[in-house]
$ cat data.cif   # mmCIF, C-alpha atoms
data_upload
loop_
_atom_site.label_atom_id
_atom_site.label_comp_id
_atom_site.auth_asym_id
_atom_site.auth_seq_id
_atom_site.Cartn_x
_atom_site.Cartn_y
_atom_site.Cartn_z
CA MET A 1 -31.91 -190.53 71.44
CA PRO A 2 -34.09 -191.15 68.37
CA PRO A 3 -33.08 -194.10 66.13
CA HIS A 4 -32.12 -191.85 63.20
CA PHE A 5 -29.75 -189.93 65.48
CA ARG A 6 -28.12 -193.17 66.63
CA ARG A 7 -27.50 -194.37 63.08
CA HIS A 8 -26.57 -191.16 61.26
CA ARG A 9 -24.19 -188.42 62.32
CA PRO A 10 -25.96 -185.00 62.12
CA PRO A 11 -24.40 -182.63 59.57
CA TRP A 12 -23.65 -180.05 62.29
CA TRP A 13 -21.75 -182.48 64.55
CA PRO A 14 -17.93 -181.87 64.66
CA GLN A 15 -16.04 -184.34 62.51
CA ASP A 16 -13.32 -184.90 65.10
CA GLU A 17 -15.76 -186.03 67.82
CA PRO A 18 -17.22 -189.56 68.04
CA TRP A 19 -20.87 -190.24 67.30
CA PRO A 20 -22.93 -191.09 69.22
CA PRO A 21 -21.28 -189.15 72.04
CA PRO A 22 -20.04 -191.16 75.03
CA GLY A 23 -21.83 -188.93 77.54
CA PRO A 24 -20.48 -187.06 80.56
CA PRO A 25 -17.08 -188.27 81.81
CA GLY A 26 -17.39 -190.89 84.50
CA HIS A 27 -21.08 -191.55 83.80
CA PRO A 28 -22.76 -194.30 81.77
CA PRO A 29 -24.78 -193.36 78.66
CA TRP A 30 -28.31 -192.05 79.12
CA SER A 31 -29.82 -195.24 77.67
CA LYS A 32 -28.19 -197.33 80.42
CA LEU A 33 -29.21 -194.81 83.06
CA ARG A 34 -32.79 -195.07 81.87
CA ARG A 35 -32.73 -198.89 82.11
CA VAL A 36 -31.25 -198.72 85.60
CA PHE A 37 -33.92 -196.20 86.57
CA PHE A 38 -36.74 -198.48 85.41
CA TRP A 39 -35.26 -201.55 87.09
CA ARG A 40 -35.10 -199.61 90.34
CA ILE A 41 -38.72 -198.58 89.93
CA ILE A 42 -39.70 -202.20 89.25
CA GLY A 43 -37.78 -203.27 92.35
CA LEU A 44 -39.54 -200.61 94.40
CA PHE A 45 -42.88 -201.80 93.07
CA ALA A 46 -42.04 -205.41 93.97
CA ILE A 47 -41.05 -204.41 97.51
CA LEU A 48 -44.25 -202.39 97.95
CA ALA A 49 -46.32 -205.25 96.55
CA MET A 50 -44.75 -207.75 98.98
CA LEU A 51 -45.26 -205.27 101.81
CA ILE A 52 -48.94 -204.84 100.98
CA THR A 53 -49.40 -208.59 100.58
CA GLY A 54 -47.73 -209.20 103.94
CA LEU A 55 -49.86 -206.61 105.67
CA CYS A 56 -53.01 -208.10 104.14
CA SER A 57 -51.96 -211.58 105.21
CA LEU A 58 -51.27 -210.35 108.73
CA ALA A 59 -54.65 -208.63 108.83
CA PHE A 60 -56.42 -211.82 107.64
CA TRP A 61 -54.59 -213.92 110.22
CA LEU A 62 -55.48 -211.53 113.05
CA ALA A 63 -59.08 -211.42 111.87
CA PHE A 64 -59.22 -215.23 111.56
CA ILE A 65 -58.05 -215.86 115.12
CA SER A 66 -60.48 -213.24 116.39
CA TRP A 67 -63.63 -214.62 114.69
CA ASP A 68 -64.65 -216.60 117.76
CA ARG A 69 -64.27 -213.65 120.07
CA LEU A 70 -66.21 -211.38 117.71
CA GLY A 71 -68.95 -213.96 117.19
CA VAL A 72 -68.83 -213.89 113.38
CA PRO A 73 -70.76 -216.82 111.76
CA GLN A 74 -68.56 -219.32 109.90
CA GLU A 75 -70.63 -219.04 106.69
CA ARG A 76 -69.63 -215.36 106.35
CA LEU A 77 -65.91 -216.00 106.46
CA PRO A 78 -65.53 -216.66 102.68
CA PHE A 79 -67.28 -213.39 101.86
CA ILE A 80 -65.09 -211.47 104.29
CA PHE A 81 -62.00 -213.18 102.88
CA LEU A 82 -63.00 -212.29 99.30
CA ALA A 83 -63.74 -208.70 100.32
CA GLY A 84 -60.31 -208.36 101.90
CA LEU A 85 -58.68 -209.93 98.87
CA GLY A 86 -60.53 -207.51 96.61
CA ILE A 87 -59.41 -204.56 98.70
CA GLY A 88 -55.80 -205.80 98.45
CA LEU A 89 -56.06 -206.19 94.67
CA VAL A 90 -57.53 -202.70 94.33
CA GLY A 91 -54.64 -201.36 96.39
CA LEU A 92 -52.12 -203.10 94.15
CA ILE A 93 -53.84 -201.77 91.03
CA MET A 94 -53.87 -198.23 92.39
CA LEU A 95 -50.18 -198.56 93.32
CA ALA A 96 -49.34 -199.77 89.82
CA TRP A 97 -51.35 -196.89 88.29
CA LEU A 98 -49.58 -194.36 90.51
CA LEU A 99 -46.14 -195.73 89.65
CA ARG A 100 -46.97 -195.75 85.96
CA ARG A 101 -48.24 -192.18 86.18
CA VAL A 102 -44.91 -191.09 87.65
CA THR A 103 -42.42 -193.31 85.82
CA ILE A 104 -43.61 -192.73 82.24
CA PRO A 105 -43.17 -188.92 82.38
CA PHE A 106 -39.77 -189.44 84.00
CA GLY A 107 -38.86 -191.86 81.23
CA ASP A 108 -39.83 -189.32 78.57
CA LEU A 109 -37.83 -186.65 80.41
CA MET A 110 -34.73 -188.84 80.64
CA GLU A 111 -34.95 -189.64 76.94
CA ALA A 112 -35.23 -185.93 76.11
CA VAL A 113 -32.28 -185.18 78.42
CA GLY A 114 -30.25 -187.78 76.54
CA GLN A 115 -31.08 -186.13 73.21
CA VAL A 116 -30.07 -182.69 74.49
CA GLU A 117 -26.86 -184.12 75.94
CA ALA A 118 -26.17 -185.60 72.48
CA GLY A 119 -26.56 -182.20 70.85
CA ASP A 120 -30.18 -182.39 69.66
CA TYR A 121 -31.58 -179.16 71.14
CA THR A 122 -34.93 -179.68 69.40
CA ALA A 123 -35.85 -182.43 71.88
CA ARG A 124 -38.91 -181.76 74.01
CA ALA A 125 -40.65 -183.88 76.64
CA VAL A 126 -44.42 -184.32 76.81
CA GLU A 127 -46.01 -182.54 79.78
CA ARG A 128 -48.02 -185.17 81.64
CA GLY A 129 -48.20 -186.79 85.04
CA PRO A 130 -48.57 -185.12 88.44
CA ALA A 131 -48.37 -181.34 88.74
CA GLU A 132 -44.83 -181.45 90.16
CA VAL A 133 -43.60 -183.62 87.29
CA ARG A 134 -45.31 -181.37 84.72
CA ALA A 135 -43.58 -178.35 86.28
CA LEU A 136 -40.23 -180.13 86.00
CA VAL A 137 -40.88 -181.06 82.35
CA ARG A 138 -42.01 -177.51 81.59
CA ALA A 139 -38.78 -176.13 83.05
CA PHE A 140 -36.73 -178.59 81.01
CA ASN A 141 -38.53 -177.66 77.80
CA ALA A 142 -37.93 -173.97 78.49
CA MET A 143 -34.23 -174.68 79.07
CA ALA A 144 -33.99 -176.72 75.85
CA GLU A 145 -35.69 -173.93 73.92
CA ARG A 146 -33.19 -171.39 75.23
CA LEU A 147 -30.31 -173.71 74.36
CA GLN A 148 -31.68 -174.11 70.85
CA LEU A 149 -32.04 -170.34 70.46
CA THR A 150 -28.51 -169.75 71.78
CA GLU A 151 -27.07 -172.36 69.43
CA THR A 152 -28.89 -170.82 66.48
CA GLN A 153 -27.64 -167.35 67.39
CA ARG A 154 -24.10 -168.69 67.76
CA ARG A 155 -24.15 -170.24 64.29
CA ASN A 156 -25.66 -167.13 62.75
CA LEU A 157 -23.09 -164.96 64.51
CA LEU A 158 -20.20 -167.06 63.21
CA ALA A 159 -21.62 -166.99 59.69
CA ASP A 160 -22.23 -163.22 59.80
CA VAL A 161 -18.80 -162.43 61.26
CA THR A 162 -17.12 -164.60 58.64
CA HIS A 163 -19.05 -162.87 55.87
CA GLU A 164 -18.33 -159.36 57.15
CA LEU A 165 -14.61 -160.04 57.64
CA ARG A 166 -14.18 -161.73 54.29
CA THR A 167 -15.04 -158.67 52.18
CA PRO A 168 -12.35 -156.23 53.41
CA LEU A 169 -9.78 -159.02 53.68
CA THR A 170 -10.44 -160.04 50.09
CA VAL A 171 -10.02 -156.46 48.88
CA ILE A 172 -6.80 -156.02 50.86
CA GLN A 173 -5.40 -159.31 49.64
CA GLY A 174 -6.30 -158.56 46.01
CA ASN A 175 -4.70 -155.14 46.07
CA LEU A 176 -1.53 -156.40 47.74
CA GLU A 177 -1.18 -159.26 45.28
CA GLY A 178 -1.70 -156.82 42.40
CA LEU A 179 1.00 -154.51 43.78
CA LEU A 180 3.45 -157.37 44.29
CA ASP A 181 2.80 -158.83 40.83
CA GLY A 182 3.16 -155.47 39.16
CA VAL A 183 -0.43 -155.38 37.96
CA TYR A 184 -1.09 -152.19 39.92
CA PRO A 185 1.40 -149.32 40.24
CA ARG A 186 2.64 -148.69 43.76
CA ASP A 187 1.09 -145.27 44.04
CA ASP A 188 -0.85 -143.42 46.70
CA ALA A 189 -4.23 -144.26 45.15
CA HIS A 190 -3.87 -148.02 45.61
CA LEU A 191 -2.18 -147.71 49.00
CA THR A 192 -5.00 -145.41 50.15
CA ALA A 193 -7.58 -148.02 49.12
CA ILE A 194 -5.74 -150.66 51.15
CA LEU A 195 -5.52 -148.32 54.14
CA GLU A 196 -9.24 -147.55 53.92
CA ASP A 197 -10.13 -151.25 53.96
CA THR A 198 -7.89 -151.83 56.97
CA ARG A 199 -9.80 -149.05 58.73
CA VAL A 200 -13.08 -150.73 57.82
CA LEU A 201 -11.72 -153.99 59.22
CA ALA A 202 -10.51 -152.31 62.40
CA ARG A 203 -13.86 -150.56 62.87
CA LEU A 204 -15.72 -153.85 62.43
CA ILE A 205 -13.51 -155.62 64.96
CA ASP A 206 -13.95 -152.75 67.42
CA ASP A 207 -17.73 -152.88 66.96
CA LEU A 208 -17.74 -156.63 67.55
CA ARG A 209 -15.67 -156.19 70.70
CA THR A 210 -17.96 -153.45 72.01
CA LEU A 211 -21.07 -155.52 71.27
CA ALA A 212 -19.63 -158.65 72.89
CA MET A 213 -18.63 -156.77 76.04
CA ALA A 214 -21.99 -155.01 76.27
CA GLU A 215 -24.00 -158.22 75.85
CA SER A 216 -21.88 -160.07 78.41
CA GLY A 217 -22.13 -157.26 80.96
CA ALA A 218 -18.34 -156.75 80.96
CA LEU A 219 -18.44 -153.28 79.40
CA GLN A 220 -17.13 -150.64 81.78
CA LEU A 221 -18.74 -147.23 81.75
CA TYR A 222 -16.68 -144.24 82.84
CA ARG A 223 -19.49 -142.05 84.09
CA GLU A 224 -19.13 -138.37 84.79
CA PRO A 225 -21.49 -135.36 85.03
CA THR A 226 -22.16 -134.48 81.38
CA ASP A 227 -23.94 -131.60 79.67
CA PHE A 228 -26.08 -133.47 77.17
CA ALA A 229 -26.70 -130.34 75.06
CA ILE A 230 -22.97 -129.86 74.44
CA LEU A 231 -22.55 -133.58 73.76
CA ALA A 232 -25.38 -133.59 71.18
CA ASP A 233 -24.14 -130.41 69.47
CA GLU A 234 -20.59 -131.74 69.15
CA THR A 235 -21.78 -135.08 67.79
CA ALA A 236 -24.09 -133.43 65.24
CA ALA A 237 -21.32 -131.00 64.21
CA SER A 238 -19.15 -133.91 63.06
CA PHE A 239 -21.94 -134.96 60.65
CA ARG A 240 -22.82 -131.53 59.26
CA PRO A 241 -20.39 -131.69 56.30
CA GLN A 242 -21.89 -135.04 55.32
CA ALA A 243 -25.44 -133.69 55.74
CA GLU A 244 -24.69 -130.58 53.69
CA SER A 245 -23.14 -132.58 50.86
CA ALA A 246 -26.23 -134.82 50.82
CA GLY A 247 -28.62 -131.86 50.89
CA VAL A 248 -30.12 -132.85 54.25
CA GLU A 249 -30.89 -130.41 57.04
CA LEU A 250 -29.45 -131.58 60.39
CA SER A 251 -30.76 -129.78 63.47
CA VAL A 252 -30.45 -130.17 67.25
CA ALA A 253 -33.03 -129.00 69.80
CA ILE A 254 -32.18 -129.75 73.44
CA ALA A 255 -34.39 -128.51 76.28
CA GLU A 256 -32.64 -126.04 78.60
CA GLU A 257 -33.99 -127.61 81.80
CA ILE A 258 -32.04 -130.85 81.30
CA PRO A 259 -29.59 -131.13 84.23
CA LEU A 260 -26.13 -132.67 84.12
CA LEU A 261 -26.46 -136.39 83.44
CA ASP A 262 -24.29 -139.09 85.01
CA LEU A 263 -23.17 -141.00 81.92
CA ASP A 264 -20.18 -142.09 79.88
CA PRO A 265 -19.76 -139.29 77.31
CA VAL A 266 -17.67 -141.41 74.93
CA ARG A 267 -20.22 -144.22 74.79
CA MET A 268 -23.19 -141.86 74.62
CA ARG A 269 -21.53 -140.00 71.75
CA GLU A 270 -21.22 -143.40 70.04
CA VAL A 271 -24.97 -143.97 70.49
CA LEU A 272 -25.85 -140.59 68.96
CA ALA A 273 -23.34 -141.06 66.14
CA ASN A 274 -24.86 -144.42 65.20
CA LEU A 275 -28.40 -143.02 65.19
CA ILE A 276 -27.52 -139.86 63.24
CA ALA A 277 -25.44 -141.79 60.69
CA ASN A 278 -28.31 -144.22 60.19
CA ALA A 279 -30.81 -141.37 59.74
CA LEU A 280 -28.61 -139.57 57.19
CA ARG A 281 -28.09 -142.78 55.25
CA TYR A 282 -31.81 -143.19 54.53
CA THR A 283 -32.85 -139.54 54.18
CA PRO A 284 -32.94 -138.24 50.59
CA ALA A 285 -31.87 -134.76 49.51
CA GLY A 286 -34.20 -132.07 50.78
CA GLY A 287 -35.06 -134.09 53.90
CA GLN A 288 -34.50 -133.37 57.56
CA VAL A 289 -32.85 -135.09 60.51
CA CYS A 290 -33.68 -133.65 63.90
CA VAL A 291 -32.18 -134.54 67.30
CA THR A 292 -34.33 -133.51 70.27
CA ALA A 293 -34.18 -134.09 74.02
CA GLN A 294 -36.58 -133.18 76.81
CA VAL A 295 -37.25 -134.04 80.44
CA ASP A 296 -40.09 -136.31 81.47
CA PRO A 297 -40.88 -135.08 85.00
CA ILE A 298 -43.24 -137.96 85.75
CA GLU A 299 -40.83 -140.75 84.84
CA GLN A 300 -37.79 -138.73 85.98
CA ARG A 301 -36.03 -139.49 82.71
CA VAL A 302 -34.59 -137.65 79.73
CA THR A 303 -36.12 -138.66 76.41
CA VAL A 304 -33.91 -138.30 73.34
CA SER A 305 -35.32 -138.63 69.81
CA VAL A 306 -33.59 -138.85 66.44
CA ARG A 307 -36.22 -138.25 63.75
CA ASP A 308 -35.74 -138.31 60.00
CA THR A 309 -37.94 -137.83 56.95
CA GLY A 310 -36.48 -140.75 55.06
CA THR A 311 -38.00 -143.80 53.44
CA GLY A 312 -39.07 -145.36 56.73
CA ILE A 313 -38.87 -148.95 57.92
CA SER A 314 -41.23 -151.70 56.85
CA ALA A 315 -43.51 -153.29 59.43
CA GLU A 316 -41.76 -156.63 58.91
CA ALA A 317 -38.29 -155.22 59.59
CA LEU A 318 -39.18 -152.86 62.46
CA PRO A 319 -39.12 -155.49 65.27
CA HIS A 320 -35.65 -156.69 64.20
CA ILE A 321 -33.67 -153.50 63.59
CA PHE A 322 -31.91 -153.75 66.97
CA ASP A 323 -30.82 -157.35 66.33
CA ARG A 324 -27.14 -157.75 65.62
CA PHE A 325 -26.23 -158.23 61.96
CA TYR A 326 -29.81 -157.59 60.89
CA LYS A 327 -29.85 -155.68 57.61
CA SER A 328 -32.72 -154.72 55.35
CA ASP A 329 -32.55 -155.27 51.61
CA ASP A 330 -31.31 -151.71 50.96
CA SER A 331 -28.85 -151.61 53.87
CA HIS A 332 -25.16 -151.11 53.20
CA GLY A 333 -23.82 -151.24 56.76
CA THR A 334 -22.65 -154.12 58.92
CA GLY A 335 -25.88 -154.43 60.90
CA LEU A 336 -24.12 -153.66 64.20
CA GLY A 337 -24.78 -149.94 64.73
CA LEU A 338 -28.28 -150.15 66.17
CA ALA A 339 -27.43 -153.28 68.18
CA ILE A 340 -24.51 -151.46 69.77
CA ALA A 341 -26.67 -148.39 70.43
CA LYS A 342 -29.30 -150.52 72.16
CA ASN A 343 -26.77 -152.29 74.39
CA LEU A 344 -25.06 -149.03 75.36
CA VAL A 345 -28.39 -147.40 76.25
CA VAL A 346 -29.39 -150.44 78.33
CA ALA A 347 -25.98 -150.35 80.05
CA HIS A 348 -26.81 -146.79 81.12
CA GLY A 349 -30.10 -147.98 82.60
CA GLY A 350 -32.19 -146.68 79.71
CA GLU A 351 -34.59 -148.00 77.08
CA ILE A 352 -34.67 -147.61 73.30
CA SER A 353 -37.40 -148.07 70.72
CA ALA A 354 -38.17 -147.29 67.09
CA ARG A 355 -41.32 -146.03 65.38
CA SER A 356 -42.01 -145.82 61.69
CA PRO A 357 -45.63 -145.17 60.65
CA ASP A 358 -47.03 -147.13 57.74
CA GLY A 359 -46.81 -145.50 54.38
CA ALA A 360 -43.86 -144.28 52.36
CA PRO A 361 -42.11 -142.01 52.70
CA SER A 362 -42.97 -141.78 56.37
CA GLY A 363 -39.65 -141.37 58.15
CA THR A 364 -38.39 -143.04 61.28
CA THR A 365 -38.11 -141.91 64.89
CA ILE A 366 -35.71 -143.70 67.22
CA ARG A 367 -36.26 -142.70 70.82
CA PHE A 368 -34.26 -143.63 73.91
CA SER A 369 -34.52 -142.58 77.52
CA LEU A 370 -31.92 -142.08 80.24
CA PRO A 371 -32.48 -141.80 84.00
CA LEU A 372 -31.94 -138.36 85.55
CA SER A 373 -29.92 -139.84 88.39
#
$ encode --input "data.cif" --output "structure tokens"
Amino acid sequence: MPPHFRRHRPPWWPQDEPWPPPGPPGHPPWSKLRRVFFWRIIGLFAILAMLITGLCSLAFWLAFISWDRLGVPQERLPFIFLAGLGIGLVGLIMLAWLLRRVTIPFGDLMEAVGQVEAGDYTARAVERGPAEVRALVRAFNAMAERLQLTETQRRNLLADVTHELRTPLTVIQGNLEGLLDGVYPRDDAHLTAILEDTRVLARLIDDLRTLAMAESGALQLYREPTDFAILADETAASFRPQAESAGVELSVAIAEEIPLLDLDPVRMREVLANLIANALRYTPAGGQVCVTAQVDPIEQRVTVSVRDTGTGISAEALPHIFDRFYKSDDSHGTGLGLAIAKNLVVAHGGEISARSPDGAPSGTTIRFSLPLS
């Protein structure tokens, strides 16, 4: 753990937990583990050094008692002794170099592990040492990076959920307090406003539940043979009054050769509703929103497109539109619709993408595919 982490509690650390953390239950802190590890390595080095020294001594003794039998001149013995001593020293040096090459990367890794265990997910170990040790360090760094990303997403999710829930709750609370204090008359207009905000709150909670279940893989799909043409027509029909009041032409063109698809009609209707609602929201009067579907015989998939002639999506925002709670500057939604649509399409075994050519107004096309079987 870095010195500044030992001295100062990070601002994100819970106030009711001790700092620095005591470590896993039943285990000593990482700093003590690291010292124990190095003492064991030093002990191993000492044992190996004594073993090498003993073997060299045994070899010298055997050679010394065999000089007469081998007929080696006495004047050459010092040179042979020095050569053997040099070989032993080189062996010890190579052993020390090998141990250092292995222990230092392990020391860095243990220090980084201690930082991650303490809550510092930015810790990374330096990739060095033998290939096996580098592979281990690389795997640890990848794990720490994923932990850091998950922690960031968790904080952002909590902040976004808090922000989205606060607005309708504040409106409901203000209206109720005004009714109780006599500031507002207890008429249908004010009660209707409260009811509408409760519906917004309920819809947001339902969206969050659907998104959480889809991302965790716990969402159950009730599949049945479905006529996609009827499904698309019924979904578009529910938006036609809104399209007509906005002066937008909403059309549906489904290829006749599309067979019955094995899908959850309720969830797929939710996908289409999210995409059509999004397209109508950004299409000005006089524009068009078109829903099309056709069979791809090569890929054995059905490709569905929702195309509008709206203002389009900027190149900076396009890669993030399927992220949860992502909203552009002119967005008025919760930022969950496209994220839910993506997860529901993926749950059906499909893929989804968005295209918005440069230039304004250029419109947007969101396309997703579903397997035929």
$ residues_near_point --input "data.cif" --point "(-8.9, -153.0, 44.9)" --cutoff "8 Å" --atoms "only C-alpha atoms" --output "PyMOL selection string"
chain A and resi 171-172+174-175+190+193-194
$ closest_residue --input "data.cif" --among "A:Val252, A:Leu204, A:Leu158, A:Val116" --to "Arg240 (chain A)" --atoms "only C-alpha atoms"
A:Val252
$ resolve_selection --input "data.cif" --expression "the PyMOL selection byres ((chain A and resi 290) around 8)" --output "number ranges by chain"
A: 250-253, 288-289, 291-292, 305-308
$ atom_distance --input "data.cif" --atom1 "CA of Phe228 (chain A)" --atom2 "CA of Met268 (chain A)"
9.2 Å
$ atom_distance --input "data.cif" --atom1 "CA of Phe322 (chain A)" --atom2 "CA of Ala246 (chain A)"
25.5 Å
$ decode --input "data.cif" --residues "region 158-197 of chain A" --atoms "C-alpha atoms" --output "PDB file, in the first residue's frame"
ATOM      1  CA  LEU A 158     -25.901   4.853  -7.825  1.00  0.00           C
ATOM      2  CA  ALA A 159     -25.501   8.523  -8.680  1.00  0.00           C
ATOM      3  CA  ASP A 160     -27.718   8.254 -11.771  1.00  0.00           C
ATOM      4  CA  VAL A 161     -30.432   6.263  -9.989  1.00  0.00           C
ATOM      5  CA  THR A 162     -30.455   8.750  -7.122  1.00  0.00           C
ATOM      6  CA  HIS A 163     -30.758  11.649  -9.548  1.00  0.00           C
ATOM      7  CA  GLU A 164     -33.543  10.047 -11.591  1.00  0.00           C
ATOM      8  CA  LEU A 165     -35.566   9.065  -8.508  1.00  0.00           C
ATOM      9  CA  ARG A 166     -35.168  12.418  -6.827  1.00  0.00           C
ATOM     10  CA  THR A 167     -37.053  14.426  -9.472  1.00  0.00           C
ATOM     11  CA  PRO A 168     -40.447  12.658  -9.366  1.00  0.00           C
ATOM     12  CA  LEU A 169     -40.224  12.202  -5.603  1.00  0.00           C
ATOM     13  CA  THR A 170     -39.579  15.915  -5.142  1.00  0.00           C
ATOM     14  CA  VAL A 171     -42.585  16.807  -7.298  1.00  0.00           C
ATOM     15  CA  ILE A 172     -44.830  14.354  -5.448  1.00  0.00           C
ATOM     16  CA  GLN A 173     -43.654  15.571  -2.072  1.00  0.00           C
ATOM     17  CA  GLY A 174     -44.103  19.239  -3.031  1.00  0.00           C
ATOM     18  CA  ASN A 175     -47.619  18.713  -4.323  1.00  0.00           C
ATOM     19  CA  LEU A 176     -48.675  16.687  -1.283  1.00  0.00           C
ATOM     20  CA  GLU A 177     -47.269  19.260   1.120  1.00  0.00           C
ATOM     21  CA  GLY A 178     -49.061  22.015  -0.808  1.00  0.00           C
ATOM     22  CA  LEU A 179     -52.356  20.109  -0.599  1.00  0.00           C
ATOM     23  CA  LEU A 180     -51.958  19.441   3.117  1.00  0.00           C
ATOM     24  CA  ASP A 181     -50.997  23.047   3.880  1.00  0.00           C
ATOM     25  CA  GLY A 182     -53.870  24.418   1.855  1.00  0.00           C
ATOM     26  CA  VAL A 183     -51.626  26.120  -0.680  1.00  0.00           C
ATOM     27  CA  TYR A 184     -53.124  24.062  -3.504  1.00  0.00           C
ATOM     28  CA  PRO A 185     -56.820  23.195  -3.787  1.00  0.00           C
ATOM     29  CA  ARG A 186     -57.598  19.492  -3.550  1.00  0.00           C
ATOM     30  CA  ASP A 187     -58.902  19.220  -7.078  1.00  0.00           C
ATOM     31  CA  ASP A 188     -58.460  16.750  -9.895  1.00  0.00           C
ATOM     32  CA  ALA A 189     -55.761  18.827 -11.606  1.00  0.00           C
ATOM     33  CA  HIS A 190     -53.290  18.575  -8.724  1.00  0.00           C
ATOM     34  CA  LEU A 191     -54.171  14.962  -7.945  1.00  0.00           C
ATOM     35  CA  THR A 192     -53.669  14.076 -11.622  1.00  0.00           C
ATOM     36  CA  ALA A 193     -50.194  15.643 -11.548  1.00  0.00           C
ATOM     37  CA  ILE A 194     -49.297  13.549  -8.498  1.00  0.00           C
ATOM     38  CA  LEU A 195     -50.653  10.410 -10.162  1.00  0.00           C
ATOM     39  CA  GLU A 196     -48.647  11.117 -13.321  1.00  0.00           C
ATOM     40  CA  ASP A 197     -45.423  11.460 -11.342  1.00  0.00           C
TER      41      ASP A 197
END
